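Trainee: One file: input.txt (compact mmCIF, C-alpha atoms).
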```txt
# COMPACT_ATOMS: atom_id res chain seq x y z
CA MET A 82 65.58 25.69 10.47
CA ILE A 83 63.28 25.37 13.43
CA PHE A 84 62.56 21.68 13.03
CA VAL A 85 65.29 19.13 13.46
CA PHE A 86 64.09 16.91 10.66
CA LEU A 87 64.30 19.88 8.26
CA ALA A 88 67.65 21.21 9.45
CA ASN A 89 69.41 17.95 8.74
CA SER A 90 68.27 17.73 5.12
CA VAL A 91 71.06 19.08 2.90
CA SER A 92 71.15 17.69 -0.61
CA ALA A 93 73.98 17.95 -3.09
CA GLU A 94 71.98 20.55 -5.00
CA GLU A 95 71.80 22.81 -1.94
CA GLN A 96 75.57 23.01 -1.77
CA GLN A 97 75.63 25.25 -4.86
CA VAL A 98 74.10 28.51 -3.70
CA LEU A 99 72.85 31.31 -5.94
CA ASN A 100 74.35 34.52 -4.59
CA LEU A 101 71.76 37.30 -4.74
CA GLY A 102 74.34 40.07 -4.92
CA GLU A 103 76.08 38.47 -7.90
CA ILE A 104 72.76 37.93 -9.67
CA ILE A 105 71.80 41.59 -9.17
CA ASN A 106 75.14 42.76 -10.58
CA GLU A 107 74.68 40.49 -13.58
CA ALA A 108 71.20 41.89 -14.17
CA ILE A 109 72.49 45.48 -13.98
CA ASN A 110 75.13 44.69 -16.60
CA ASN A 111 73.00 42.57 -18.96
CA ASN A 112 69.28 43.29 -18.55
CA PRO A 113 67.86 44.70 -21.84
CA GLN A 114 65.55 47.15 -20.05
CA ILE A 115 68.48 48.68 -18.18
CA LEU A 116 70.63 48.81 -21.31
CA ALA A 117 67.82 50.54 -23.22
CA ALA A 118 67.38 53.13 -20.46
CA LYS A 119 71.15 53.71 -20.43
CA SER A 120 71.08 54.32 -24.18
CA ARG A 121 68.24 56.85 -23.78
CA GLN A 122 70.32 58.64 -21.15
CA ASP A 123 73.34 58.74 -23.48
CA ALA A 124 71.18 60.07 -26.31
CA ALA A 125 69.84 62.85 -24.08
CA LYS A 126 73.37 63.86 -23.12
CA ALA A 127 74.42 63.92 -26.76
CA ARG A 128 71.38 66.05 -27.62
CA GLN A 129 72.61 68.83 -25.30
CA LYS A 130 75.23 69.99 -27.78
CA LEU A 131 72.72 69.91 -30.63
CA LEU A 132 70.46 72.40 -28.86
CA ILE A 133 73.17 74.92 -28.02
CA THR A 134 75.08 74.79 -31.31
CA LEU A 135 74.61 77.62 -33.82
CA ALA A 136 72.98 76.93 -37.16
CA ASP A 137 75.37 75.99 -39.94
CA PRO A 138 76.90 79.02 -41.68
CA LYS A 139 75.99 79.59 -45.33
CA LEU A 140 78.62 80.00 -48.06
CA GLU A 141 77.68 81.72 -51.34
CA PHE A 142 79.42 82.06 -54.68
CA GLU A 143 78.15 84.12 -57.64
CA TYR A 144 79.64 84.47 -61.15
CA ASP A 145 78.19 87.20 -63.41
CA LYS A 146 78.33 86.15 -67.09
CA ILE A 147 76.17 88.97 -68.46
CA ILE A 148 78.20 91.99 -67.40
CA PRO A 149 81.27 91.44 -69.68
CA GLY A 150 79.25 91.47 -72.91
CA MET A 151 76.58 94.04 -72.09
CA ILE A 152 78.13 96.93 -70.18
CA GLN A 153 80.94 99.27 -71.25
CA GLY A 154 83.20 101.04 -68.84
CA ALA A 155 83.98 104.82 -68.89
CA THR A 156 87.00 104.20 -71.15
CA GLY A 157 85.06 102.13 -73.64
CA GLU A 158 86.42 98.89 -72.33
CA LYS A 159 84.22 96.02 -71.41
CA MET A 160 83.56 95.42 -67.74
CA PRO A 161 85.43 92.38 -66.44
CA ALA A 162 83.56 89.32 -65.12
CA MET A 163 82.46 89.62 -61.50
CA ARG A 164 82.88 86.94 -58.91
CA SER A 165 81.20 87.24 -55.52
CA PHE A 166 81.99 85.27 -52.36
CA ALA A 167 79.87 85.54 -49.21
CA VAL A 168 79.53 83.87 -45.83
CA SER A 169 76.61 84.39 -43.44
CA GLN A 170 75.75 83.21 -39.96
CA GLU A 171 72.47 83.29 -38.05
CA VAL A 172 72.87 83.97 -34.33
CA PRO A 173 69.93 83.76 -31.92
CA PHE A 174 69.49 86.25 -29.12
CA PRO A 175 72.24 85.41 -26.54
CA THR A 176 69.89 84.47 -23.69
CA LYS A 177 68.17 81.91 -25.92
CA LEU A 178 71.36 79.86 -26.21
CA PHE A 179 71.86 79.98 -22.45
CA LEU A 180 68.29 78.84 -21.77
CA ARG A 181 68.47 76.09 -24.37
CA LYS A 182 71.59 74.78 -22.65
CA LYS A 183 69.86 74.78 -19.25
CA SER A 184 66.78 73.06 -20.69
CA ALA A 185 68.91 70.35 -22.30
CA GLU A 186 70.77 69.79 -19.02
CA ARG A 187 67.51 69.32 -17.12
CA GLU A 188 66.23 66.87 -19.73
CA ALA A 189 69.46 64.86 -19.59
CA ALA A 190 69.23 64.78 -15.78
CA ALA A 191 65.63 63.51 -16.04
CA PHE A 192 66.72 60.67 -18.33
CA GLU A 193 69.54 59.81 -15.95
CA HIS A 194 67.04 59.44 -13.08
CA GLU A 195 64.77 57.44 -15.38
CA TYR A 196 67.69 55.10 -16.02
CA LYS A 197 68.21 54.72 -12.26
CA GLU A 198 64.49 54.04 -11.78
CA THR A 199 64.62 51.31 -14.42
CA GLU A 200 67.59 49.82 -12.62
CA ARG A 201 65.72 49.83 -9.29
CA LYS A 202 62.68 48.25 -10.99
CA VAL A 203 64.75 45.41 -12.45
CA ILE A 204 66.49 44.84 -9.11
CA GLN A 205 63.07 44.57 -7.46
CA GLU A 206 61.95 42.04 -10.10
CA VAL A 207 65.15 40.03 -9.65
CA LYS A 208 64.67 39.89 -5.89
CA GLU A 209 60.99 38.97 -6.22
CA ASN A 210 61.77 36.07 -8.56
CA TYR A 211 64.74 35.05 -6.43
CA PHE A 212 62.54 34.71 -3.36
CA MET A 213 59.81 32.95 -5.33
CA LEU A 214 62.51 30.46 -6.30
CA PHE A 215 63.52 30.35 -2.63
CA LEU A 216 59.90 29.58 -1.65
CA THR A 217 59.54 26.81 -4.23
CA HIS A 218 62.83 25.26 -3.16
CA LYS A 219 61.81 25.25 0.51
CA LYS A 220 58.46 23.70 -0.38
CA ILE A 221 60.23 20.94 -2.28
CA ILE A 222 62.47 20.18 0.70
CA LEU A 223 59.49 20.23 3.05
CA THR A 224 57.45 17.94 0.79
CA LYS A 225 60.30 15.45 0.68
CA GLU A 226 60.55 15.56 4.46
CA ILE A 227 56.81 14.98 4.87
CA LEU A 228 57.04 12.09 2.40
CA ALA A 229 59.78 10.61 4.56
CA LEU A 230 57.57 10.96 7.66
CA LEU A 231 54.67 9.37 5.78
CA SER A 232 56.89 6.46 4.84
CA GLN A 233 57.65 5.98 8.52
CA LEU A 234 53.92 6.12 9.35
CA ILE A 235 53.15 3.60 6.62
CA ALA A 236 55.79 1.30 8.06
CA VAL A 237 54.30 1.67 11.56
CA ALA A 238 50.77 1.11 10.25
CA ASN A 239 51.85 -2.00 8.32
CA SER A 240 53.58 -3.34 11.42
CA LYS A 241 50.49 -2.78 13.57
CA TYR A 242 48.23 -4.24 10.86
CA SER A 243 50.35 -7.37 10.67
CA VAL A 244 49.67 -8.07 14.34
CA ALA A 245 46.01 -7.04 14.09
CA GLU A 246 46.53 -3.85 16.06
CA ALA A 247 45.43 -1.58 13.20
CA MET A 248 42.99 -1.66 10.32
CA GLN A 249 43.96 -1.97 6.70
CA SER A 250 42.21 1.34 6.04
CA ASP A 251 44.95 3.10 8.06
CA VAL A 252 47.57 1.80 5.67
CA LEU A 253 45.47 2.78 2.64
CA ARG A 254 44.90 6.30 3.95
CA ALA A 255 48.60 6.79 4.48
CA GLN A 256 49.38 5.47 0.99
CA VAL A 257 46.79 7.78 -0.60
CA GLU A 258 48.29 10.74 1.27
CA TYR A 259 51.74 9.68 0.06
CA SER A 260 50.55 9.58 -3.57
CA LYS A 261 48.96 13.04 -3.29
CA LEU A 262 52.17 14.50 -1.90
CA SER A 263 54.20 12.80 -4.64
CA ASN A 264 52.03 14.55 -7.24
CA GLU A 265 52.50 17.87 -5.44
CA LEU A 266 56.24 17.33 -5.54
CA VAL A 267 56.15 16.94 -9.33
CA LEU A 268 54.21 20.21 -9.67
CA LEU A 269 56.60 22.01 -7.33
CA GLU A 270 59.58 20.87 -9.37
CA GLN A 271 57.88 22.28 -12.48
CA GLU A 272 57.31 25.58 -10.66
CA GLN A 273 60.98 25.62 -9.74
CA LYS A 274 61.99 25.34 -13.39
CA ILE A 275 59.60 28.15 -14.33
CA ALA A 276 61.02 30.38 -11.58
CA GLN A 277 64.56 29.64 -12.77
CA ALA A 278 63.59 30.48 -16.35
CA MET A 279 62.03 33.79 -15.30
CA LEU A 280 65.09 34.74 -13.28
CA ALA A 281 67.37 33.80 -16.17
CA SER A 282 65.35 36.00 -18.55
CA LEU A 283 65.97 39.01 -16.30
CA LEU A 284 69.70 38.27 -16.62
CA ASP A 285 69.36 37.87 -20.40
CA LYS A 286 70.85 34.39 -20.32
CA PRO A 287 69.60 30.89 -21.29
CA GLU A 288 67.53 29.29 -18.55
CA ASN A 289 69.60 26.11 -18.48
CA THR A 290 72.69 28.12 -17.47
CA LEU A 291 71.13 29.17 -14.15
CA SER A 292 71.67 26.42 -11.60
CA GLY A 293 71.82 26.20 -7.84
CA VAL A 294 69.44 27.16 -5.06
CA PRO A 295 68.78 30.44 -3.23
CA ALA A 296 70.43 31.14 0.07
CA ASP A 297 68.53 31.59 3.35
CA ILE A 298 68.39 35.38 3.56
CA SER A 299 66.55 37.43 6.13
CA ALA A 300 66.90 41.20 6.34
CA GLU A 301 66.00 43.54 9.16
CA ILE A 302 65.58 47.30 8.98
CA ASN A 303 65.63 49.70 11.89
CA LEU A 304 63.64 52.54 10.35
CA ASN A 305 60.27 54.01 11.24
CA GLU A 306 57.65 55.22 8.79
CA ASP A 307 58.70 58.88 8.97
CA GLU A 308 62.27 57.95 8.07
CA ILE A 309 61.02 55.83 5.17
CA ILE A 310 58.95 58.75 3.84
CA LYS A 311 61.93 61.08 4.08
CA MET A 312 64.13 58.60 2.22
CA ALA A 313 61.53 58.22 -0.53
CA LYS A 314 61.42 61.99 -1.07
CA GLU A 315 65.19 62.23 -1.21
CA ASN A 316 66.13 59.08 -3.12
CA ARG A 317 63.32 57.89 -5.42
CA PRO A 318 64.75 58.29 -8.96
CA GLU A 319 61.33 58.49 -10.60
CA LEU A 320 60.35 61.44 -8.41
CA LYS A 321 63.65 63.14 -9.20
CA SER A 322 62.97 62.63 -12.91
CA PHE A 323 59.59 64.37 -12.67
CA LYS A 324 61.20 67.19 -10.69
CA GLU A 325 63.81 67.70 -13.40
CA MET A 326 61.10 67.78 -16.06
CA ALA A 327 59.25 70.43 -14.04
CA LYS A 328 62.45 72.50 -13.95
CA LYS A 329 62.84 72.01 -17.69
CA ALA A 330 59.27 73.20 -18.25
CA GLN A 331 60.02 76.35 -16.23
CA ILE A 332 63.08 77.05 -18.36
CA ASP A 333 61.14 76.35 -21.56
CA TYR A 334 58.47 78.81 -20.43
CA THR A 335 61.12 81.49 -19.96
CA LEU A 336 62.59 80.53 -23.32
CA ALA A 337 59.18 80.96 -24.96
CA LYS A 338 59.07 84.54 -23.70
CA GLN A 339 62.44 85.09 -25.35
CA GLU A 340 60.77 84.54 -28.72
CA TYR A 341 59.78 88.21 -28.53
CA MET A 342 63.50 89.06 -28.80
CA PRO A 343 65.09 89.37 -32.26
CA ASP A 344 67.64 87.01 -33.76
CA PHE A 345 70.64 88.29 -35.71
CA MET A 346 72.12 87.70 -39.14
CA PHE A 347 75.76 88.52 -39.92
CA LYS A 348 77.04 88.45 -43.50
CA TYR A 349 80.36 89.22 -45.18
CA ARG A 350 80.50 89.63 -48.98
CA ARG A 351 83.57 90.00 -51.21
CA GLN A 352 83.52 90.84 -54.94
CA VAL A 353 86.43 90.11 -57.28
CA ALA A 354 86.69 91.54 -60.84
CA ASP A 355 89.16 90.17 -63.38
CA GLY A 356 92.17 92.41 -63.45
CA SER A 357 90.79 94.91 -60.94
CA ALA A 358 90.70 95.47 -57.20
CA THR A 359 88.33 93.62 -54.94
CA ASN A 360 85.40 95.09 -53.02
CA TRP A 361 83.89 93.87 -49.80
CA ALA A 362 80.75 94.58 -47.79
CA GLY A 363 79.41 93.61 -44.38
CA MET A 364 75.81 93.26 -43.30
CA VAL A 365 74.00 92.94 -40.00
CA GLY A 366 70.33 92.04 -39.91
CA VAL A 367 67.75 91.33 -37.24
CA SER A 368 64.52 89.37 -37.29
CA VAL A 369 61.43 91.39 -36.42
CA PRO A 370 58.72 89.52 -34.42
CA LEU A 371 56.07 91.46 -36.28
CA TRP A 372 53.28 88.89 -35.83
CA PHE A 373 53.90 88.46 -32.10
CA TRP A 374 50.19 88.39 -31.19
CA GLU A 375 49.89 85.15 -33.16
CA LYS A 376 53.23 83.34 -33.19
CA GLN A 377 55.15 84.42 -30.09
CA SER A 378 52.06 84.69 -27.90
CA SER A 379 51.14 81.11 -28.82
CA PHE A 380 54.63 79.96 -27.79
CA VAL A 381 54.20 81.62 -24.41
CA LYS A 382 50.74 80.12 -23.85
CA GLU A 383 52.03 76.68 -24.78
CA GLY A 384 55.00 77.07 -22.43
CA LYS A 385 52.75 78.11 -19.54
CA ALA A 386 50.41 75.15 -20.15
CA ASN A 387 53.37 72.74 -20.27
CA LEU A 388 54.72 74.22 -17.03
CA ASP A 389 51.37 73.78 -15.25
CA THR A 390 51.19 70.21 -16.54
CA ALA A 391 54.72 69.37 -15.38
CA ASN A 392 54.10 70.81 -11.90
CA ALA A 393 50.83 68.88 -11.57
CA GLN A 394 52.50 65.66 -12.74
CA TYR A 395 55.29 66.12 -10.22
CA LYS A 396 52.80 66.63 -7.40
CA ALA A 397 50.78 63.59 -8.48
CA GLU A 398 53.96 61.50 -8.67
CA GLU A 399 55.05 62.68 -5.23
CA ASN A 400 51.71 61.61 -3.76
CA MET A 401 52.00 58.21 -5.46
CA VAL A 402 55.59 57.71 -4.28
CA LEU A 403 54.67 58.52 -0.68
CA PHE A 404 51.68 56.17 -0.87
CA GLU A 405 53.88 53.36 -2.23
CA ALA A 406 56.43 53.95 0.52
CA ARG A 407 53.78 53.83 3.28
CA SER A 408 52.04 50.81 1.75
CA SER A 409 55.26 48.86 1.23
CA TYR A 410 56.46 49.65 4.74
CA ALA A 411 53.14 48.44 6.23
CA LYS A 412 53.28 45.21 4.19
CA PHE A 413 56.86 44.56 5.23
CA ALA A 414 56.16 45.21 8.91
CA ALA A 415 53.11 42.92 8.83
CA ALA A 416 55.02 40.17 7.01
CA LYS A 417 57.93 40.29 9.49
CA ASN A 418 55.52 40.13 12.43
CA LEU A 419 53.84 37.10 10.90
CA VAL A 420 57.22 35.40 10.47
CA LYS A 421 58.01 35.95 14.15
CA ILE A 422 54.63 34.54 15.18
CA TYR A 423 55.29 31.37 13.22
CA GLU A 424 58.86 31.04 14.50
CA THR A 425 58.16 31.70 18.19
CA GLY A 426 54.70 30.21 18.63
CA VAL A 427 52.94 28.30 15.87
CA LEU A 428 55.70 26.06 14.53
CA PRO A 429 57.10 24.78 17.85
CA GLN A 430 53.56 23.98 18.99
CA VAL A 431 52.56 22.13 15.84
CA LYS A 432 55.83 20.16 15.88
CA ALA A 433 55.17 19.16 19.49
CA ALA A 434 51.57 18.26 18.61
CA TYR A 435 52.70 15.95 15.81
CA THR A 436 55.30 14.27 18.02
CA THR A 437 52.68 13.70 20.73
CA ALA A 438 50.15 12.34 18.23
CA ARG A 439 52.64 9.89 16.76
CA GLN A 440 53.73 8.67 20.17
CA GLY A 441 50.07 8.28 21.18
CA TYR A 442 49.34 6.23 18.06
CA GLU A 443 52.29 3.96 18.67
CA ALA A 444 51.07 3.54 22.27
CA LYS A 445 47.53 2.72 21.02
CA LYS A 446 46.10 5.83 22.72
CA ILE A 447 44.83 7.74 19.65
CA ASP A 448 43.43 6.90 16.24
CA PHE A 449 45.52 6.85 13.06
CA LEU A 450 43.40 9.63 11.54
CA ASP A 451 44.49 11.94 14.34
CA VAL A 452 48.13 11.30 13.48
CA LEU A 453 47.47 11.91 9.79
CA ASP A 454 45.59 15.14 10.53
CA SER A 455 48.44 16.27 12.76
CA LEU A 456 50.93 15.62 9.95
CA ARG A 457 48.78 17.54 7.45
CA THR A 458 48.61 20.47 9.86
CA LEU A 459 52.36 20.33 10.32
CA LYS A 460 52.88 20.45 6.56
CA GLU A 461 50.35 23.24 5.93
CA LEU A 462 51.68 25.52 8.67
CA GLN A 463 55.27 25.04 7.60
CA MET A 464 54.23 25.87 4.03
CA GLU A 465 52.54 29.03 5.33
CA TYR A 466 55.69 29.88 7.27
CA PHE A 467 57.85 29.65 4.16
CA GLU A 468 55.32 31.75 2.26
CA SER A 469 55.34 34.44 4.94
CA LEU A 470 59.15 34.38 4.96
CA ALA A 471 59.30 34.84 1.19
CA ASN A 472 56.57 37.50 1.32
CA SER A 473 58.55 39.50 3.87
CA GLU A 474 61.57 39.53 1.56
CA ILE A 475 59.42 40.45 -1.44
CA ALA A 476 57.81 43.24 0.61
CA LEU A 477 61.28 44.52 1.51
CA ALA A 478 62.24 44.53 -2.19
CA ASP A 479 59.09 46.56 -2.92
CA LEU A 480 59.98 48.94 -0.11
CA GLU A 481 63.52 49.38 -1.43
CA ARG A 482 62.16 50.31 -4.83
CA ALA A 483 59.67 52.70 -3.24
CA VAL A 484 62.41 54.60 -1.40
CA GLY A 485 64.94 54.26 -4.23
CA THR A 486 67.79 52.66 -2.28
CA ASP A 487 68.85 49.45 -0.53
CA LEU A 488 67.76 48.95 3.08
CA GLY A 489 69.07 46.80 5.89
CA GLU A 490 71.90 44.33 5.91
CA LYS A 491 71.61 41.07 4.07
```
Write out the structure in this file as structure tokens.
Mentor:
Amino acid sequence: MIFVFLANSVSAEEQQVLNLGEIINEAINNNPQILAAKSRQDAAKARQKLLITLADPKLEFEYDKIIPGMIQGATGEKMPAMRSFAVSQEVPFPTKLFLRKKSAEREAAAFEHEYKETERKVIQEVKENYFMLFLTHKKIILTKEILALLSQLIAVANSKYSVAEAMQSDVLRAQVEYSKLSNELVLLEQEQKIAQAMLASLLDKPENTLSGVPADISAEINLNEDEIIKMAKENRPELKSFKEMAKKAQIDYTLAKQEYMPDFMFKYRRQVADGSATNWAGMVGVSVPLWFWEKQSSFVKEGKANLDTANAQYKAEENMVLFEARSSYAKFAAAKNLVKIYETGVLPQVKAAYTTARQGYEAKKIDFLDVLDSLRTLKELQMEYFESLANSEIALADLERAVGTDLGEK
């Protein structure tokens, strides 16, 4: 870290580091949202065969009990009992099967991209909670460091008060400040537990099994806004899903027009008479779209409306994706600039100001309140620095979801 008194603080807890990559892999394998999306994808793939499979054939059997007792043959003999066996199969117009197959493929591809989008969303949530845990952890360390500095100030104030070089009010002010920070530390430790519980829930594991602290991670990307926009168009799974649904709607529209084409019926029938030869017959039938102005025309109108809807939804989604990419990129760039400002300017100055104020107090050149104010400023600005650092990582996670892929090197 920038400040020496922070860099030297390494507790036993810090030695066990939560690896972000391992946590993400665990979330991908165990998160219920991802598993549900994967199941929907598998169901869509299985549905492909259902849509292109022919209807079940029909088997028929007929036994004529009336003929033997009622009808005489040419020789005066009774007609034997008749048994009939038949099998029939409905076959749609050939192009319908082909289009149904293509439509099912596009739907399955859309669900696959939806699964990938869910995965990216969960990864973004994992990273956001990871860096919120990172922020809380850094605040806890900082608060402990400030408490240590306050203890030193209290000791100095007590020493000066004992020789009548300081007022008792200086000691009391420092003790009050110490108590306030102690209360803040308790609240921060509660926030840390909440952040751990939230992160554990994303991994679908008990919260008490997630231990350790986040690593210091800072990512840089060397991409401009135009490159980010291009990546979003090419990689965002949600946009790809809408595109596949638009393609499916186009195929379904063409399929609706095929409703004007007839379907076929093939039937084979075989008759068997007791003690006589067998007879057989074949049949071919076609459906006649006689009421096309009502039924088939309605299918076509519905298909055209669904196609227009799908195209409009795709365009709206594309606009939203591009907006998210631009917005996330702007937030990330602003957050990284703020981090650099703190690191190169603000923090070194406020550290130097505190050191000067403390030395001046010990040399009886400035008032105790000035030292206390300088310490408060040091604490507040370091807190803001950690917040900006966490915000930059969260903004990068949002940007990665917006473009649909990982960015930079961790």
Trainee: When you count all atoms listed in the file, which of these residues is closest to A:Arg164: A:Asp448, A:Glu301, A:Asp454, A:Asp145?
Mentor: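 Going through A:Asp448, A:Glu301, A:Asp454, A:Asp145 one by one, the smallest distance to A:Arg164 is for A:Asp145.
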Trainee: In Å, how far is it from atom CA of A:Ser165 to atom CA of A:Phe142?
Mentor: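 Distance reported for this atom pair: 5.5 Å.
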Trainee: Using only C-alpha atoms, determine which residues lie at most 10 Å from A:Ala483, disregarding the query and same-chain residues fewer than 6 positions distant; provide the list as a PyMOL selection string.
Mentor: chain A and resi 198+201-202+205+309-310+312-314+316-319+401-410+477
Trainee: My list of candidates is A:Tyr211, A:Tyr196, A:Tyr144, A:Phe179. Which is closest to A:Ala162 when distances are computed with all atoms listed in the file?
Mentor: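 The answer is A:Tyr144, which sits nearest to A:Ala162.
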Trainee: From the options A:Pro175, A:Pro287, A:Pro295, A:Gly363, which residue's atoms come nearest to A:Lys219, counting only C-alpha atoms?
Mentor: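 Smallest distance to A:Lys219 is found for A:Pro295.
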Trainee: A:Leu101: which residues within 12 Å, counting all atoms listed in the file, same-chain residues fewer than 2 positions away excluded, as a PDB file with C-alpha atoms, in the frame of the given file?
Mentor:
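So the final result, stored in result-v4.pdb, reads:
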```pdb
ATOM      1  CA  VAL A  98      74.100  28.510  -3.700  1.00  0.00           C
ATOM      2  CA  LEU A  99      72.850  31.310  -5.940  1.00  0.00           C
ATOM      3  CA  GLU A 103      76.080  38.470  -7.900  1.00  0.00           C
ATOM      4  CA  ILE A 104      72.760  37.930  -9.670  1.00  0.00           C
ATOM      5  CA  ILE A 105      71.800  41.590  -9.170  1.00  0.00           C
ATOM      6  CA  ASN A 106      75.140  42.760 -10.580  1.00  0.00           C
ATOM      7  CA  GLU A 107      74.680  40.490 -13.580  1.00  0.00           C
ATOM      8  CA  ALA A 108      71.200  41.890 -14.170  1.00  0.00           C
ATOM      9  CA  ILE A 204      66.490  44.840  -9.110  1.00  0.00           C
ATOM     10  CA  GLN A 205      63.070  44.570  -7.460  1.00  0.00           C
ATOM     11  CA  VAL A 207      65.150  40.030  -9.650  1.00  0.00           C
ATOM     12  CA  LYS A 208      64.670  39.890  -5.890  1.00  0.00           C
ATOM     13  CA  GLU A 209      60.990  38.970  -6.220  1.00  0.00           C
ATOM     14  CA  ASN A 210      61.770  36.070  -8.560  1.00  0.00           C
ATOM     15  CA  TYR A 211      64.740  35.050  -6.430  1.00  0.00           C
ATOM     16  CA  PHE A 212      62.540  34.710  -3.360  1.00  0.00           C
ATOM     17  CA  LEU A 214      62.510  30.460  -6.300  1.00  0.00           C
ATOM     18  CA  PHE A 215      63.520  30.350  -2.630  1.00  0.00           C
ATOM     19  CA  LEU A 280      65.090  34.740 -13.280  1.00  0.00           C
ATOM     20  CA  GLY A 293      71.820  26.200  -7.840  1.00  0.00           C
ATOM     21  CA  VAL A 294      69.440  27.160  -5.060  1.00  0.00           C
ATOM     22  CA  PRO A 295      68.780  30.440  -3.230  1.00  0.00           C
ATOM     23  CA  ALA A 296      70.430  31.140   0.070  1.00  0.00           C
ATOM     24  CA  ASP A 297      68.530  31.590   3.350  1.00  0.00           C
ATOM     25  CA  ILE A 298      68.390  35.380   3.560  1.00  0.00           C
ATOM     26  CA  LYS A 491      71.610  41.070   4.070  1.00  0.00           C
TER      27      LYS A 491
END
```
Trainee: Skip A:Glu383 itself and residues of its chain fewer than 2 positions away, then list as a PyMOL selection string all residues within 12 Å of it, counting only C-alpha atoms.
Mentor: chain A and resi 330-331+333-338+376-381+385-390
Trainee: Taking all atoms listed in the file into account, which of A:Leu266, A:Met279, A:Glu306, A:His218 comes nearest A:Glu468?
Mentor: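 Smallest separation from A:Glu468 among the options: A:His218.
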Trainee: Please determine, counting all atoms listed in the file, which residue among A:Ile133, A:Ala393, A:Val203, A:Leu456 has the shortest atom-to-atom distance to A:Leu230.
Mentor: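 Among the listed residues, the smallest separation from A:Leu230 belongs to A:Leu456.
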Trainee: Kindly give the distance, in Å, that separates atom CA of A:Val427 and atom CA of A:Met464, rounded to a single decimal.
Mentor: 12.2 Å
Trainee: Given the choices A:Glu474, A:Lys119, A:Lys182, A:Arg187, which gets closest to A:Met326 if the distance is worked out from all atoms listed in the file?
Mentor: A:Arg187
Trainee: In Å, rounded to a single decimal, give me how far atom CA of A:Pro429 is from atom CA of A:Glu443.
Mentor: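 Distance reported for this atom pair: 21.4 Å.
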Trainee: Find the smallest box with edges along x, y and z containing every listed atom of stretch 399-416 of chain A, then add 3 Å on each side and report centre and edge lengths in Å to one decimal, as AutoDock Vina command-line options.
Mentor:
```
--center_x 54.3 --center_y 51.4 --center_z 1.7 --size_x 11.2 --size_y 28.5 --size_z 20.4
```
Trainee: As number ranges by chain, please: the residues near stretch 193-195 of chain A (cut-off 9 Å, all atoms listed in the file, same-chain neighbours under 3 positions excluded).
Mentor: A: 118-119, 121-123, 125, 188-190, 198-200, 317-323, 325
